[in-house]
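Trainee: Next up, model34.csv (CSV, C-alpha atoms).
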chain,number,residue,atom,x,y,z
A,1,MET,CA,22.2,28.0,-29.3
A,2,CYS,CA,22.5,27.7,-25.6
A,3,GLY,CA,22.6,31.5,-25.0
A,4,THR,CA,25.4,31.2,-22.5
A,5,CYS,CA,28.5,30.3,-24.5
A,6,GLY,CA,27.1,30.3,-28.0
A,7,CYS,CA,27.6,26.6,-28.5
A,8,ALA,CA,25.1,24.5,-30.6
A,9,ALA,CA,23.4,23.0,-27.6
A,10,PRO,CA,19.7,23.9,-27.3
A,11,PRO,CA,18.8,25.9,-24.2
A,12,ARG,CA,17.8,24.1,-21.1
A,13,ARG,CA,14.4,24.7,-19.6
A,14,LEU,CA,12.4,23.6,-16.6
A,15,ILE,CA,9.1,21.7,-16.7
A,16,THR,CA,7.3,21.8,-13.4
A,17,LEU,CA,4.9,18.8,-12.9
A,18,GLN,CA,4.1,18.2,-9.3
A,19,GLN,CA,2.8,14.9,-10.4
A,20,GLY,CA,2.2,11.8,-8.2
A,21,LEU,CA,4.6,9.0,-9.1
A,22,LEU,CA,1.7,6.6,-8.6
A,23,SER,CA,-0.9,8.8,-10.4
A,24,ARG,CA,-1.6,6.1,-13.0
A,25,ASN,CA,-2.1,3.5,-10.2
A,26,ASP,CA,-4.2,6.0,-8.2
A,27,GLN,CA,-6.5,6.6,-11.2
A,28,GLN,CA,-6.9,2.9,-11.8
A,29,ALA,CA,-7.6,2.4,-8.0
A,30,ALA,CA,-10.3,5.1,-8.1
A,31,HIS,CA,-11.8,3.3,-11.1
A,32,ASN,CA,-11.7,0.0,-9.2
A,33,ARG,CA,-13.4,1.6,-6.2
A,34,ARG,CA,-16.3,2.9,-8.3
A,35,HIS,CA,-16.5,-0.5,-10.1
A,36,PHE,CA,-16.7,-2.4,-6.8
A,37,ARG,CA,-19.3,0.0,-5.4
A,38,SER,CA,-21.5,-0.4,-8.5
A,39,HIS,CA,-21.5,-4.1,-7.8
A,40,GLY,CA,-22.5,-3.6,-4.2
A,41,LEU,CA,-19.1,-4.9,-3.0
A,42,MET,CA,-16.9,-3.9,-0.2
A,43,ALA,CA,-13.2,-4.5,-1.0
A,44,VAL,CA,-10.7,-5.2,1.7
A,45,ASN,CA,-6.9,-5.1,1.1
A,46,LEU,CA,-5.4,-7.7,3.4
A,47,LEU,CA,-1.6,-7.4,4.0
A,48,SER,CA,1.0,-9.1,6.1
A,49,ALA,CA,4.4,-10.7,6.0
A,50,PRO,CA,4.6,-14.1,4.2
A,51,GLY,CA,3.3,-16.9,6.4
A,52,SER,CA,1.3,-14.8,8.9
A,53,GLY,CA,-1.9,-16.8,8.0
A,54,LYS,CA,-3.8,-14.6,5.5
A,55,THR,CA,-5.0,-17.6,3.5
A,56,ALA,CA,-5.9,-19.6,6.6
A,57,LEU,CA,-7.9,-16.7,7.9
A,58,LEU,CA,-9.8,-16.4,4.6
A,59,GLU,CA,-10.5,-20.1,4.5
A,60,GLN,CA,-12.3,-19.7,7.9
A,61,LEU,CA,-14.0,-16.5,6.9
A,62,ALA,CA,-15.4,-18.1,3.7
A,63,SER,CA,-17.3,-20.7,5.7
A,64,ARG,CA,-18.5,-18.1,8.3
A,65,TRP,CA,-19.5,-15.2,6.1
A,66,PRO,CA,-23.2,-15.0,6.4
A,67,GLN,CA,-25.3,-16.2,3.5
A,68,ARG,CA,-23.0,-14.9,0.8
A,69,PRO,CA,-20.1,-16.3,-1.1
A,70,LEU,CA,-16.7,-14.7,-0.3
A,71,GLY,CA,-14.7,-13.3,-3.2
A,72,VAL,CA,-10.9,-13.4,-3.0
A,73,ILE,CA,-8.2,-12.1,-5.3
A,74,VAL,CA,-4.9,-13.5,-4.1
A,75,GLY,CA,-1.5,-12.4,-5.1
A,76,ASP,CA,1.7,-14.4,-5.0
A,77,LEU,CA,4.9,-14.4,-7.0
A,78,ALA,CA,4.3,-18.0,-8.2
A,79,THR,CA,1.9,-20.9,-7.9
A,80,ASP,CA,-1.9,-20.9,-7.5
A,81,ASN,CA,-1.8,-22.9,-4.3
A,82,ASP,CA,-3.6,-20.3,-2.3
A,83,ALA,CA,-6.4,-19.9,-4.8
A,84,GLN,CA,-6.8,-23.7,-4.8
A,85,ARG,CA,-7.1,-23.7,-1.0
A,86,LEU,CA,-9.6,-20.9,-1.0
A,87,LEU,CA,-11.8,-22.6,-3.7
A,88,GLN,CA,-11.8,-25.8,-1.6
A,89,ALA,CA,-12.9,-23.7,1.4
A,90,GLY,CA,-15.9,-22.4,-0.6
A,91,ALA,CA,-14.6,-19.0,-1.7
A,92,ARG,CA,-14.7,-17.7,-5.2
A,93,ALA,CA,-11.0,-17.1,-5.8
A,94,VAL,CA,-8.8,-15.8,-8.6
A,95,GLN,CA,-5.0,-16.1,-8.4
A,96,ILE,CA,-2.7,-13.4,-9.6
A,97,ARG,CA,0.9,-14.6,-10.2
A,98,THR,CA,3.0,-11.5,-10.1
A,99,GLY,CA,6.3,-13.0,-11.3
A,100,ASP,CA,8.9,-10.9,-9.8
A,101,LEU,CA,6.6,-8.0,-8.6
A,102,CYS,CA,6.6,-7.7,-4.8
A,103,HIS,CA,3.2,-6.1,-4.5
A,104,LEU,CA,-0.2,-5.9,-6.2
A,105,GLU,CA,-1.1,-2.9,-8.4
A,106,ALA,CA,-4.6,-1.6,-9.2
A,107,ASP,CA,-4.5,-2.7,-12.9
A,108,LEU,CA,-3.6,-6.3,-11.9
A,109,VAL,CA,-6.6,-6.3,-9.5
A,110,GLU,CA,-8.9,-5.0,-12.3
A,111,ARG,CA,-7.9,-7.8,-14.6
A,112,ALA,CA,-8.3,-10.5,-11.9
A,113,PHE,CA,-11.7,-9.0,-11.0
A,114,ALA,CA,-12.9,-9.5,-14.5
A,115,GLN,CA,-12.5,-13.2,-14.1
A,116,LEU,CA,-14.6,-13.3,-10.9
A,117,ASN,CA,-18.3,-14.1,-10.8
A,118,CYS,CA,-19.4,-11.5,-8.3
A,119,SER,CA,-23.2,-12.1,-8.4
A,120,GLY,CA,-24.6,-12.4,-4.9
A,121,MET,CA,-21.3,-11.4,-3.4
A,122,ASN,CA,-20.9,-8.4,-1.0
A,123,LEU,CA,-17.3,-8.9,0.2
A,124,LEU,CA,-14.2,-9.0,-1.9
A,125,VAL,CA,-10.9,-9.6,-0.1
A,126,ILE,CA,-7.7,-8.8,-2.0
A,127,GLU,CA,-5.0,-10.9,-0.4
A,128,ASN,CA,-1.8,-9.0,-1.2
A,129,VAL,CA,1.7,-10.4,-1.8
A,130,GLY,CA,3.3,-11.3,1.6
A,131,ASN,CA,5.3,-8.1,2.2
A,132,LEU,CA,5.3,-5.4,4.9
A,133,VAL,CA,7.0,-2.7,2.8
A,134,CYS,CA,6.3,-2.6,-0.9
A,135,PRO,CA,2.5,-2.8,-1.0
A,136,THR,CA,2.1,0.2,1.4
A,137,ALA,CA,1.9,2.9,-1.3
A,138,PHE,CA,-0.3,1.1,-3.8
A,139,ASP,CA,-4.0,1.8,-3.5
A,140,LEU,CA,-5.9,-1.1,-5.1
A,141,GLY,CA,-9.4,0.6,-4.8
A,142,GLU,CA,-10.1,-1.0,-1.4
A,143,GLN,CA,-12.6,0.4,1.1
A,144,LEU,CA,-10.7,-1.0,4.1
A,145,ARG,CA,-7.1,-1.9,4.7
A,146,VAL,CA,-6.4,-4.7,7.2
A,147,VAL,CA,-2.9,-5.5,8.3
A,148,MET,CA,-2.0,-8.8,10.0
A,149,LEU,CA,0.7,-9.7,12.4
A,150,SER,CA,1.2,-13.2,13.8
A,151,VAL,CA,2.4,-14.0,17.3
A,152,THR,CA,5.4,-15.8,15.9
A,153,GLU,CA,6.8,-12.6,14.3
A,154,GLY,CA,7.7,-10.6,17.3
A,155,GLU,CA,6.1,-7.8,19.2
A,156,ASP,CA,8.2,-5.0,17.6
A,157,LYS,CA,7.0,-5.5,14.0
A,158,PRO,CA,4.9,-2.4,14.1
A,159,LEU,CA,7.9,-0.3,15.2
A,160,LYS,CA,10.0,-1.8,12.4
A,161,TYR,CA,7.4,-1.3,9.6
A,162,PRO,CA,5.5,1.8,10.7
A,163,ALA,CA,4.3,3.0,7.3
A,164,LEU,CA,2.1,0.0,6.6
A,165,PHE,CA,0.7,-0.2,10.2
A,166,LYS,CA,-0.1,3.5,10.1
A,167,SER,CA,-2.2,3.0,6.9
A,168,ALA,CA,-4.3,0.2,8.5
A,169,ASP,CA,-8.0,0.5,9.4
A,170,ALA,CA,-7.7,-2.7,11.4
A,171,VAL,CA,-4.8,-4.8,12.7
A,172,LEU,CA,-5.2,-8.5,13.3
A,173,ILE,CA,-2.9,-10.4,15.7
A,174,SER,CA,-3.1,-13.9,14.3
A,175,LYS,CA,-2.1,-17.4,15.5
A,176,ALA,CA,-3.2,-16.4,19.0
A,177,ASP,CA,-3.4,-20.1,19.9
A,178,LEU,CA,0.4,-20.2,19.7
A,179,ALA,CA,1.1,-17.1,21.8
A,180,GLU,CA,2.0,-19.0,24.9
A,181,ALA,CA,4.2,-21.6,23.1
A,182,VAL,CA,6.3,-18.9,21.5
A,183,GLY,CA,6.5,-16.6,24.5
A,184,PHE,CA,4.6,-13.8,22.8
A,185,GLN,CA,4.6,-10.6,24.9
A,186,ARG,CA,1.0,-9.7,24.3
A,187,GLN,CA,0.9,-6.4,26.3
A,188,GLN,CA,4.1,-5.2,24.6
A,189,ALA,CA,2.6,-5.9,21.2
A,190,LEU,CA,-0.6,-4.2,22.1
A,191,ASP,CA,1.3,-1.1,23.4
A,192,ASN,CA,3.4,-1.0,20.3
A,193,LEU,CA,0.4,-1.2,18.0
A,194,GLN,CA,-1.5,1.5,20.0
A,195,ALA,CA,1.6,3.8,19.8
A,196,VAL,CA,2.3,3.3,16.1
A,197,ALA,CA,-1.2,2.8,14.8
A,198,PRO,CA,-3.7,4.5,17.1
A,199,GLN,CA,-6.2,4.8,14.3
A,200,ALA,CA,-6.5,1.0,13.8
A,201,ARG,CA,-9.1,-1.3,15.4
A,202,LEU,CA,-7.3,-4.3,17.0
A,203,PHE,CA,-8.5,-7.9,16.8
A,204,GLU,CA,-6.8,-11.0,18.3
A,205,LEU,CA,-7.7,-14.2,16.6
A,206,SER,CA,-6.8,-17.7,15.7
A,207,ALA,CA,-7.8,-19.3,12.4
A,208,ARG,CA,-7.1,-22.7,13.8
A,209,SER,CA,-9.2,-22.5,16.9
A,210,GLY,CA,-11.7,-20.0,15.5
A,211,HIS,CA,-11.2,-17.8,18.5
A,212,GLY,CA,-11.8,-14.1,17.8
A,213,LEU,CA,-13.1,-14.6,14.2
A,214,GLU,CA,-16.6,-13.6,15.1
A,215,PRO,CA,-15.8,-10.0,16.3
A,216,PHE,CA,-13.7,-9.4,13.2
A,217,SER,CA,-16.4,-10.8,10.9
A,218,HIS,CA,-18.9,-8.6,12.7
A,219,TRP,CA,-16.7,-5.5,12.2
A,220,LEU,CA,-16.5,-6.2,8.5
A,221,GLN,CA,-20.3,-6.6,8.3
A,222,GLN,CA,-20.7,-3.2,9.9
A,223,HIS,CA,-18.7,-1.6,7.1
A,224,LEU,CA,-20.8,-3.2,4.3
A,225,PRO,CA,-22.4,-0.7,1.9
A,226,ALA,CA,-26.0,0.0,2.9
A,227,GLY,CA,-28.5,-2.4,1.6
A,228,HIS,CA,-25.9,-5.2,1.2
A,229,GLY,CA,-25.8,-6.5,4.8
A,230,GLN,CA,-26.4,-9.8,6.3
A,231,HIS,CA,-29.8,-10.6,4.9
A,232,PRO,CA,-30.0,-10.6,1.1
B,1,MET,CA,12.4,-3.5,-3.8
B,2,HIS,CA,9.4,-1.8,-5.3
B,3,GLU,CA,11.7,1.2,-6.0
B,4,LEU,CA,12.6,-0.4,-9.3
B,5,ALA,CA,9.0,-0.6,-10.4
B,6,LEU,CA,8.4,3.0,-9.2
B,7,MET,CA,11.4,4.3,-11.1
B,8,GLU,CA,10.2,2.6,-14.3
B,9,GLU,CA,7.0,4.6,-13.8
B,10,VAL,CA,9.0,7.8,-13.2
B,11,ARG,CA,10.9,7.2,-16.5
B,12,GLN,CA,7.6,6.7,-18.4
B,13,LEU,CA,6.1,9.9,-16.9
B,14,ALA,CA,9.3,11.9,-17.7
B,15,GLU,CA,9.6,10.6,-21.2
B,16,GLN,CA,6.0,11.5,-21.9
B,17,GLU,CA,6.7,15.1,-20.8
B,18,LEU,CA,9.9,15.1,-22.8
B,19,VAL,CA,7.9,14.4,-26.0
B,20,ARG,CA,5.2,16.8,-25.0
B,21,ALA,CA,7.8,19.6,-24.6
B,22,GLY,CA,9.4,18.8,-27.9
B,23,ALA,CA,12.8,18.3,-26.1
B,24,ARG,CA,15.3,15.6,-26.6
B,25,GLN,CA,17.2,15.2,-23.4
B,26,ILE,CA,16.5,15.1,-19.6
B,27,HIS,CA,19.3,16.7,-17.7
B,28,ARG,CA,17.9,16.6,-14.2
B,29,MET,CA,15.0,15.1,-12.5
B,30,GLN,CA,13.6,16.3,-9.1
B,31,LEU,CA,11.6,14.0,-6.9
B,32,ARG,CA,9.9,14.5,-3.5
B,33,ILE,CA,9.7,11.4,-1.3
B,34,GLY,CA,7.9,11.5,2.1
B,35,SER,CA,9.6,9.8,5.0
B,36,LEU,CA,6.5,7.7,5.5
B,37,SER,CA,6.0,6.8,1.8
B,38,GLY,CA,7.5,3.4,2.2
B,39,VAL,CA,10.2,4.3,-0.2
B,40,ASN,CA,13.9,4.0,0.7
B,41,PRO,CA,15.9,6.9,-0.7
B,42,GLU,CA,19.0,4.9,-1.2
B,43,ALA,CA,17.1,2.1,-3.0
B,44,LEU,CA,15.5,4.7,-5.1
B,45,ARG,CA,18.9,6.2,-6.1
B,46,LEU,CA,20.1,2.7,-7.0
B,47,ALA,CA,17.0,2.1,-9.0
B,48,PHE,CA,17.5,5.4,-10.8
B,49,ALA,CA,21.0,4.4,-11.8
B,50,VAL,CA,19.7,1.1,-13.2
B,51,VAL,CA,16.6,2.4,-15.0
B,52,MET,CA,18.3,5.5,-16.5
B,53,ALA,CA,21.5,3.8,-17.5
B,54,ASP,CA,20.5,3.6,-21.2
B,55,ASP,CA,19.3,7.2,-21.4
B,56,ASN,CA,21.5,9.8,-23.1
B,57,PRO,CA,24.1,7.3,-24.4
B,58,ASN,CA,26.1,10.1,-26.0
B,59,GLY,CA,25.4,13.0,-23.6
B,60,GLU,CA,25.9,13.6,-20.0
B,61,PRO,CA,23.9,11.3,-17.6
B,62,THR,CA,20.7,12.5,-16.1
B,63,THR,CA,21.1,13.6,-12.5
B,64,LEU,CA,18.6,12.9,-9.7
B,65,ASP,CA,17.6,15.6,-7.2
B,66,LEU,CA,15.9,13.8,-4.3
B,67,GLU,CA,14.1,15.8,-1.7
B,68,VAL,CA,13.1,13.8,1.4
B,69,VAL,CA,10.0,15.3,3.1
B,70,PRO,CA,10.0,14.9,6.8
B,71,THR,CA,6.8,13.7,8.6
B,72,LEU,CA,4.6,16.5,10.0
B,73,CYS,CA,1.6,15.8,12.3
B,74,PHE,CA,-1.3,17.8,13.7
B,75,CYS,CA,-2.3,17.5,17.4
B,76,PRO,CA,-6.1,18.0,17.7
B,77,HIS,CA,-5.8,18.8,21.4
B,78,CYS,CA,-3.2,21.5,21.1
B,79,GLN,CA,-4.3,22.6,17.6
B,80,GLN,CA,-0.6,22.7,16.7
B,81,THR,CA,1.5,21.0,14.1
B,82,PHE,CA,4.6,19.0,15.2
B,83,ALA,CA,7.5,17.0,13.7
B,84,PRO,CA,7.5,13.6,15.5
B,85,ALA,CA,10.8,12.5,17.0
B,86,ASP,CA,10.3,8.9,15.8
B,87,VAL,CA,7.7,6.5,14.4
B,88,ILE,CA,5.5,7.0,17.4
B,89,HIS,CA,3.6,10.3,16.6
B,90,ALA,CA,3.2,11.6,20.1
B,91,CYS,CA,2.6,15.4,20.5
B,92,PRO,CA,5.7,16.9,22.3
B,93,ARG,CA,3.4,19.3,24.2
B,94,CYS,CA,0.6,17.0,25.5
B,95,GLY,CA,1.9,13.5,24.7
B,96,ALA,CA,-1.3,12.6,22.8
B,97,LEU,CA,-0.9,10.3,19.8
B,98,SER,CA,-1.8,11.9,16.5
B,99,SER,CA,-3.1,10.0,13.5
B,100,GLN,CA,-3.5,13.2,11.4
B,101,LEU,CA,-0.6,13.3,9.0
B,102,LEU,CA,0.0,16.6,7.3
B,103,GLN,CA,3.0,15.5,5.2
B,104,GLY,CA,5.3,12.5,4.9
B,105,ARG,CA,3.5,10.3,2.3
B,106,GLU,CA,4.6,12.3,-0.8
B,107,LEU,CA,5.7,10.5,-3.9
B,108,GLU,CA,6.0,13.2,-6.6
B,109,LEU,CA,7.8,14.0,-9.7
B,110,VAL,CA,8.3,17.8,-9.1
B,111,GLN,CA,10.4,19.1,-12.0
B,112,LEU,CA,12.4,18.1,-15.1
B,113,GLU,CA,15.3,20.1,-16.6
B,114,VAL,CA,15.3,19.3,-20.3
B,115,SER,CA,16.7,20.6,-23.6
Could I get this file's structure written as structure tokens?
Mentor:
Amino acid sequence: MCGTCGCAAPPRRLITLQQGLLSRNDQQAAHNRRHFRSHGLMAVNLLSAPGSGKTALLEQLASRWPQRPLGVIVGDLATDNDAQRLLQAGARAVQIRTGDLCHLEADLVERAFAQLNCSGMNLLVIENVGNLVCPTAFDLGEQLRVVMLSVTEGEDKPLKYPALFKSADAVLISKADLAEAVGFQRQQALDNLQAVAPQARLFELSARSGHGLEPFSHWLQQHLPAGHGQHP
Amino acid sequence: MHELALMEEVRQLAEQELVRAGARQIHRMQLRIGSLSGVNPEALRLAFAVVMADDNPNGEPTTLDLEVVPTLCFCPHCQQTFAPADVIHACPRCGALSSQLLQGRELELVQLEVS
């Protein structure tokens, strides 16, 4: 009986939970983080809009990463084109085809990681699905989060998608070789990034010309777990 | 549109609690969503309507109580909290940019009303 009107409905009660909506993903991400660390790996979550040049950057990084193979888990809605490109560039790559999912989740990363031969590896880059909104809240177990913005996308991207840029450890401005051709307002972009994401390290680079890759690679090496640096 | 995937997760969490509580129906669901959580409240309401459409086919539909948590920052120079005026988290007293977020990233299932 409901106690109010005497009807047959059972009484209503409140259950207080205060539970994170992503608690399952967060637990899986924490597990991934421990797992990566136990393999001596640093994991980087690489995020950008589609077509900013994530794969092109990783192709270049694969051939420049000192003395170690580069591991990549790459997410796309369909095709394994990116994984094929990365394999040809010398990386160890596993493709996740997400179907209609617009972001990667920690359990997808765990399953892909199981297919990766990580012996001798010290860096794993998780190339997220091209999207500046949906992947923001999903921890994958990464140690560093790197967000990329190409000069063809406009200087105000950080103002339009603040949540993702505010979660970045580093922001890369890519396709710097095209800046002049597309009238990129460099100072405006730098000011916007500094205002929205003051915590992030900034790098300007071009995968095509190779300009700026060395400082970014060096920054990554500085974050490697102790004992897994440049010289194996 | 990750709100749909998120709401599926919410429904699973809520249904687990329903079984645990020995109840049969969810009447109301209360969520807390930070303004910097990357979730759009309107998209979440739409996702709620889609995901919960088949629940309670004979009873009254479940209602959604959505609390949007405003962003709150801490200024290390002034040792004060402040609510930023926009996406640039500049302290209104000294103008310094803050990267210390005290609230605004919440994504929580707070409470269920069941019977």
Trainee: Can you measure atom CA of Met42 of chain A to atom CA of Val125 of chain A for me? One decimal in Å is fine.
Mentor: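 Between atom CA of Met42 of chain A and atom CA of Val125 of chain A the gap is 8.3 Å.
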Trainee: Would you mind listing, as number ranges by chain, all residues of chain A that have at least one atom within 8 Å of chain B, where all atoms listed in the file are what counts?
Mentor: A: 10-22, 101-103, 133-134, 136-137, 159, 162-164, 166, 195-199
Trainee: If we count all atoms listed in the file, what is near Thr81 of chain B at a cut-off of 12 Å, once residues fewer than 2 positions away on the same chain are taken out, given as a tab-separated table (two decimals) with C-alpha atoms, in the frame of the given file?
Mentor:
chain	number	residue	atom	x	y	z
B	71	THR	CA	6.80	13.70	8.60
B	72	LEU	CA	4.60	16.50	10.00
B	73	CYS	CA	1.60	15.80	12.30
B	74	PHE	CA	-1.30	17.80	13.70
B	75	CYS	CA	-2.30	17.50	17.40
B	76	PRO	CA	-6.10	18.00	17.70
B	77	HIS	CA	-5.80	18.80	21.40
B	78	CYS	CA	-3.20	21.50	21.10
B	79	GLN	CA	-4.30	22.60	17.60
B	83	ALA	CA	7.50	17.00	13.70
B	84	PRO	CA	7.50	13.60	15.50
B	89	HIS	CA	3.60	10.30	16.60
B	90	ALA	CA	3.20	11.60	20.10
B	91	CYS	CA	2.60	15.40	20.50
B	92	PRO	CA	5.70	16.90	22.30
B	93	ARG	CA	3.40	19.30	24.20
B	98	SER	CA	-1.80	11.90	16.50
B	99	SER	CA	-3.10	10.00	13.50
B	100	GLN	CA	-3.50	13.20	11.40
B	101	LEU	CA	-0.60	13.30	9.00
B	102	LEU	CA	0.00	16.60	7.30
B	103	GLN	CA	3.00	15.50	5.20
Trainee: Using only C-alpha atoms - which residues lie no farther than 12 Å from the point (-8.7, -23.3, -8.7) in the file's frame? Write them as number ranges by chain.
Mentor: A: 72-74, 79-96, 116
Trainee: Record the distance separating atom CA of Phe216 of chain A and atom CA of Glu110 of chain A, expressed in Å with one decimal.
Mentor: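 Computed distance, atom CA of Phe216 of chain A to atom CA of Glu110 of chain A, equals 26.3 Å.
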Trainee: Here is a test: counting all atoms listed in the file, which residue of A:Leu193, A:Val182, A:Met148, A:Leu108 is nearest to Pro50 of chain A?
Mentor: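 With all atoms listed in the file as the atom set, the closest residue is A:Met148.
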Trainee: With a distance cut-off of 9 Å and all atoms listed in the file, select the neighbouring residues of Leu172 of chain A, excluding the residue or stretch itself and same-chain residues fewer than 6 positions from it, and output the selection as a PyMOL selection string.
Mentor: chain A and resi 146-150+201-205+216
Trainee: Generate the output file for the selected residues, C-alpha atoms, as a compact mmCIF listing (two decimals), in the frame of the given file.
Mentor:
# COMPACT_ATOMS: atom_id res chain seq x y z
CA VAL A 146 -6.40 -4.70 7.20
CA VAL A 147 -2.90 -5.50 8.30
CA MET A 148 -2.00 -8.80 10.00
CA LEU A 149 0.70 -9.70 12.40
CA SER A 150 1.20 -13.20 13.80
CA ARG A 201 -9.10 -1.30 15.40
CA LEU A 202 -7.30 -4.30 17.00
CA PHE A 203 -8.50 -7.90 16.80
CA GLU A 204 -6.80 -11.00 18.30
CA LEU A 205 -7.70 -14.20 16.60
CA PHE A 216 -13.70 -9.40 13.20
Trainee: Ala56 of chain A: which residues within 8 Å, counting only C-alpha atoms, same-chain residues fewer than 4 positions away excluded, as an MDAnalysis selection string?
Mentor: chainID A and resid 60 207:208
Trainee: Need to verify the contact set: Asp156 of chain A, 10 Å, all atoms listed in the file, exclusion of same-chain residues closer than 6 positions in sequence. Can you return it as a list in words?
Mentor: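 Skipping anything fewer than 6 positions along the chain leaves Gln185, Gln188, Ala189, Leu190, Asp191, Asn192 and Leu193 of chain A.
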Trainee: Between atom CA of Gln187 of chain A and atom CA of Glu59 of chain A, what is the distance, to one decimal in Å?
Mentor: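 Taking atom CA of Gln187 of chain A and atom CA of Glu59 of chain A, their separation equals 28.2 Å.
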Trainee: Smallest atom-to-atom distance to Gly212 of chain A: which of A:Pro225, A:Pro66, A:Ser174, A:Phe184, using only C-alpha atoms?
Mentor: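 Of all the options, A:Ser174 lies closest to Gly212 of chain A.
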